[in-house]
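Participant: This structure is in structure tokens; I'll ask about it shortly.
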Amino acid sequence: MVLVNLKTAYLAGISICVLAHSNIVRAEGSLAAYTAQSRSLSAIETIEVEGQFLGSLGLRDKSDVSGRLGLSVLETPGSIDIISADAIQLRGDFNAIDAVTRATGITSSATPGNGNSRVTSRGFAGNASVLNLYDGTRLYVGAGTVTFPADTWSLERIEVLRGAASVIHGIGAIGAAVNYVPKRARLDEQSVEGFASAGSFGVKRFAAGANTPITDDIAIRLDGSYFQTNGYIDRSDQERFAFSGSILWQPADNFSVSLRVDYADVEDAPYWGTPKINGELISANRRLNYNVEDGAVEYEDVRPQLRINWQPTENIDVNSDTYYIKADRRWTNLENYRYNPDTDLVDRRFYLEILHDQRQVGNRTAVSYDAKLGDIKNRISVGAEFNDINFTHTNNSPFGGTTSVPVTDFEPGFFVEGALNETTRDYITDTQQFAVFFDDVFEITEQISIVGGVRYDNVSYTREDVARSNGQSAGLFSRDFNNVTWRAGLVYQPSELLSFYAQTSTAVDPAASPVSASATFEEFEPSTGRQYEIGVKQVFWDGRGEWSLAAFHIRKNDILSRDVNDPSIRVQIGEQGSEGIELSLGLRPIDTLAINFNGTLLNAEYKDFTVNSGGTAVSLAGNTPRNVPEQAANLWVTWTPLPEWSVTGGLRYVSDRFADDTNNRELPGYVTVDVNTRWEIRDGVGLIFRVDNLFDKEDVIIAEYSTDQAILADPRAFEFGIDFRF
């Protein structure tokens, strides 16, 4: 890294530096985008050159999601997106699902039932195929639900490794792995930042953060955020509070200990979708909520983590994370609605109450070693991971109760009026997971390197079905399974700013969650997958542009299918596949303009998949899996016409996709446009005006919750705010 004094032009919160000798433009993304994106072009100051400009793909950055070898994106044989905190704030993506779906090929099918966290990547959907991590630590998914992080304010960046990632992060990552990286205490920074806004539908946002060194070797950072809205839909209030704090102790350059605690309390919108009337969505009930008056969706997450970094010698690094995760969730709702043309009423069913009590404790430790075989450089990383997960599922199954209300002008009623069964403990599970892993990068020449790795996972699972008053019998079953996954890649770099790569990797997806599977899955092994990928990445135009292009082919085997001779029996013979092309591009053609684009073209289909249709085996080979759009794109343009003013416009495109595996119901594609302007009224303080869904697309369907019920996105919304950083 080089320290230089030069005229600094601030473009949307990123400091852009020109290196005189290399003529490569690099930038430090150390300021929040809202805070400094229109800073005066005449500012003179000393800065440290590292990081990326606005619109950059971060090709020269290192990422944790792609491995433990300390490789940059250019040096890694894989497809990686890095979304910086600056970009997240600039775009107004205050929740995780909005932020991560700006990455290449990542699209949403989120509902309250999965914690509003379900995404699709490379033809594979859901929390069993797209892995979520927080600061490198995964929460093992219970009953298909992930509810953390609740807010993006405390994030430093989001890293996305597209494609098979089980060799790095374990079971359940054939589509992608997403790592949410939080801000941490730093010894080299003293800062205070904040944000406040208000807008349509009663929106109120407040956030603040501060980092300060206390002594020469101790620093502390605190971040907090609050969000509240009345919601566009009736009785769809939301409220969330998130807090994080970290303390760093670094008594020596080669040793540090950090402790962080993250907490989130969320009351999400109890909105489960809008019923179609005679198969169509109509404006008359667009704002109506058919849930009960006291419907509730609540999450509470607590995550303390202790990290130790030690470098005993110049060529050895030891990193260890010890963590505890607590997640409590509650749903109390009337969830399914269907219009009855015979009565001209909406029939409501399933008075459903579910509670999750999930606890996880674990440790992940890795040792990295730089070695040489003659003149050949070799970096090795070996380590182990252990987790113990306890999960308690409480509900009022069998879910019953039915009421009917008019299409409009109805009394929603209360949960207790329709629920038929008592809410009692359903089942308890205990899961132990253990893994050992090995990664290596072998530099054959200065231009050619081989990257490889292997991981062994063992999972021991015990489930107890608890006897209940409704007559369900108690039961206990246990099972173990283990898997080996691996990857091998070749990287050729004819220059430091251009790389070509090819890789193959394997992945494992569970047939059912290793935290909440029932005895009906006892005989099934996890599904296995294989990916082939080739690609090119380049920094060009004197550092003003970056692009990457990837082509991939994935096959997932042993998915659950129906026996063609006896459709009542499930067998593990199915196959699912996808192939596609992904393009990412970042440009800064002039100092006042930044452009970021990504897009994907995909062909996803079942190769061998049979379902039971009325007692008859029906093949769905050739069909597209549900909730998988085969085209998606994002475009962001930021223009700074004057030093104090910036305008940012973003476009999101998602193509048509199917709501069911039979491909009988199609969800329409959509294009939405968001716009953000900022006026810096004084140094470090700016006024913001945002418009989401500028062209007021009211027919945007995020997902179908049932055949006759669609979850709709919000219409056009306005927001005014102020930000600061000192």
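If you're wondering about the labels, chains in the structure tokens are A, B, ... by order shown, residues count from 1 in each chain, ligands from 1 in order shown.
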Could I get the residues of stretch 258-313 of chain A with an atom no further than 6 Å from an atom of stretch 394-418 of chain A, each paired with its nearest atom pair and that distance in Å to one decimal, using only C-alpha atoms, sorted by chain and residue number, as JSON lines?

Facilitator:
```
{"residue": "A:Val292", "atom": "CA", "partner": "A:Pro412", "partner_atom": "CA", "distance": 4.9}
{"residue": "A:Glu293", "atom": "CA", "partner": "A:Phe414", "partner_atom": "CA", "distance": 5.4}
{"residue": "A:Asp294", "atom": "CA", "partner": "A:Phe414", "partner_atom": "CA", "distance": 5.9}
```

Participant: With the cut-off set at 8 Å and counting only C-alpha atoms, tabulate each residue of stretch 60-134 of chain A with an atom at most that distance from an atom of stretch 495-505 of chain A, showing the nearest atom pair and its distance in Å to one decimal, ordered by chain and increasing number, as a tab-separated table.

Facilitator:
```
residue	atom	partner	partner_atom	distance
A:Leu74	CA	A:Ser499	CA	6.2
A:Glu75	CA	A:Ser499	CA	7.3
A:Pro77	CA	A:Tyr501	CA	5.3
A:Gly78	CA	A:Gln503	CA	7.3
```

Participant: Kindly export the residues of the current selection with C-alpha atoms, as a CSV table (one decimal), in the first residue's frame.

Facilitator:
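In the end it all went to part.csv:
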```
chain,number,residue,atom,x,y,z
A,74,LEU,CA,-8.8,-12.2,-9.6
A,75,GLU,CA,-6.8,-15.1,-8.2
A,77,PRO,CA,-11.2,-19.9,-9.9
A,78,GLY,CA,-14.8,-19.0,-9.2
```

Participant: Quick one, how far is atom CA of A:Val257 from atom CA of A:Ala165?

Facilitator: 28.1 Å

Participant: Rank A:Leu57, A:Gly199, A:Ala264, A:Val119 by their smallest atom-to-atom distance to A:Asp151, using only C-alpha atoms, and report the top residue only.

Facilitator: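 The closest residue to A:Asp151 is A:Ala264.
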
Participant: A:Gly580, A:Pro304, A:Pro526, A:Gly295: which is nearest A:Leu334, counting only C-alpha atoms?

Facilitator: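 Of all the options, A:Gly295 lies closest to A:Leu334.
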
Participant: To one decimal in Å, tell me the separation between atom CA of A:Gln228 and atom CA of A:Leu288.

Facilitator: 19.6 Å

Participant: Name the residues of stretch 338-472 of chain A that fall into alpha helix (DSSP H) according to DSSP on the backbone, using the chain letters and numbers of this document, as a list in words.

Facilitator: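 The residues of stretch 338-472 of chain A classed as alpha helix (DSSP H) are Phe415, Val416, Glu417 and Gly418 of chain A.
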
Participant: With only C-alpha atoms as the counted atoms, please give the residues lying no more than 8 Å from A:Lys204, apart from itself and same-chain residues fewer than 2 positions off, as a ChimeraX atom specification.

Facilitator: /A:196-199,202,206,226-229

Participant: Taking only C-alpha atoms into account, which of A:Asp328, A:Asp262, A:Asp692, A:Glu267 comes nearest A:Val302?

Facilitator: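 Under the stated criterion, the closest residue is A:Asp262.
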
Participant: From the list A:Ser166, A:Ser109, A:Thr137, A:Ser154, which residue is nearest A:Asn363 when using only C-alpha atoms?

Facilitator: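 Among the listed residues, the smallest separation from A:Asn363 belongs to A:Thr137.
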
Participant: Calculated over only C-alpha atoms, which of the candidates A:Gln305, A:Asn336, A:Gln433, A:Asn132 has the smallest distance to A:Asp708?

Facilitator: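 Result for the nearest residue to A:Asp708: A:Asn336.
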
Participant: Neighbouring residues of A:Ser244 were defined as those with any atom within 8 Å, considering only C-alpha atoms; residues of the same chain fewer than 2 positions away were excluded. Please report them as a list in words.

Facilitator: Ser154, Leu222, Asp223, Gly224, Ala242, Ser246, Arg260, Val261, Asp262 and Tyr263 of chain A

Participant: What gap, in Å, lies between atom CA of A:Leu583 and atom CA of A:Ser449?

Facilitator: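 Atom-to-atom, atom CA of A:Leu583 and atom CA of A:Ser449 are spaced 23.6 Å apart.
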
Participant: Compare A:Arg725, A:Arg690, A:Lys326, A:Arg157 by their minimum atom-to-atom distance to A:Gly58, counting only C-alpha atoms, and give me the closest one.

Facilitator: A:Arg157

Participant: Find the residues around A:Ala512 up to 12 Å (only C-alpha atoms counted), leave out those fewer than 4 positions away in its own chain, and share them as a PyMOL selection string.

Facilitator: chain A and resi 126-129+140-144+171-172+461+508+516-527+559-560

Participant: Excluding A:Val484 and any residue of its chain fewer than 6 positions from it, enumerate the residues within 9 Å of it, using only C-alpha atoms, and give them as a PyMOL selection string.

Facilitator: chain A and resi 167+454-457+506-508

Participant: Give me a file of those residues, with N, CA and C atoms, as a PDB file, in the first residue's frame.

Facilitator:
```pdb
ATOM      1  N   VAL A 167     -17.398 -27.482  -0.454  1.00  0.00           N
ATOM      2  CA  VAL A 167     -16.039 -27.797  -0.043  1.00  0.00           C
ATOM      3  C   VAL A 167     -15.472 -26.737   0.895  1.00  0.00           C
ATOM      4  N   VAL A 454     -10.344 -30.036  -0.230  1.00  0.00           N
ATOM      5  CA  VAL A 454     -11.184 -31.184   0.086  1.00  0.00           C
ATOM      6  C   VAL A 454     -11.742 -30.987   1.490  1.00  0.00           C
ATOM      7  N   ARG A 455     -12.958 -31.475   1.718  1.00  0.00           N
ATOM      8  CA  ARG A 455     -13.615 -31.328   3.016  1.00  0.00           C
ATOM      9  C   ARG A 455     -14.380 -32.603   3.333  1.00  0.00           C
ATOM     10  N   TYR A 456     -14.275 -33.013   4.585  1.00  0.00           N
ATOM     11  CA  TYR A 456     -15.043 -34.150   5.082  1.00  0.00           C
ATOM     12  C   TYR A 456     -16.011 -33.649   6.145  1.00  0.00           C
ATOM     13  N   ASP A 457     -17.299 -33.956   5.980  1.00  0.00           N
ATOM     14  CA  ASP A 457     -18.337 -33.577   6.939  1.00  0.00           C
ATOM     15  C   ASP A 457     -18.991 -34.819   7.518  1.00  0.00           C
ATOM     16  N   THR A 506     -17.535 -30.001  -6.285  1.00  0.00           N
ATOM     17  CA  THR A 506     -18.682 -30.811  -5.897  1.00  0.00           C
ATOM     18  C   THR A 506     -19.411 -30.150  -4.738  1.00  0.00           C
ATOM     19  N   ALA A 507     -20.644 -30.569  -4.534  1.00  0.00           N
ATOM     20  CA  ALA A 507     -21.469 -30.004  -3.460  1.00  0.00           C
ATOM     21  C   ALA A 507     -22.435 -31.058  -2.969  1.00  0.00           C
ATOM     22  N   VAL A 508     -22.958 -30.816  -1.781  1.00  0.00           N
ATOM     23  CA  VAL A 508     -23.930 -31.717  -1.156  1.00  0.00           C
ATOM     24  C   VAL A 508     -25.090 -30.885  -0.642  1.00  0.00           C
TER      25      VAL A 508
END
```

Participant: Write out as a count of residues only the residues lying within 10 Å of A:Pro341, counting only C-alpha atoms and excluding same-chain residues fewer than 3 positions away.

Facilitator: 6
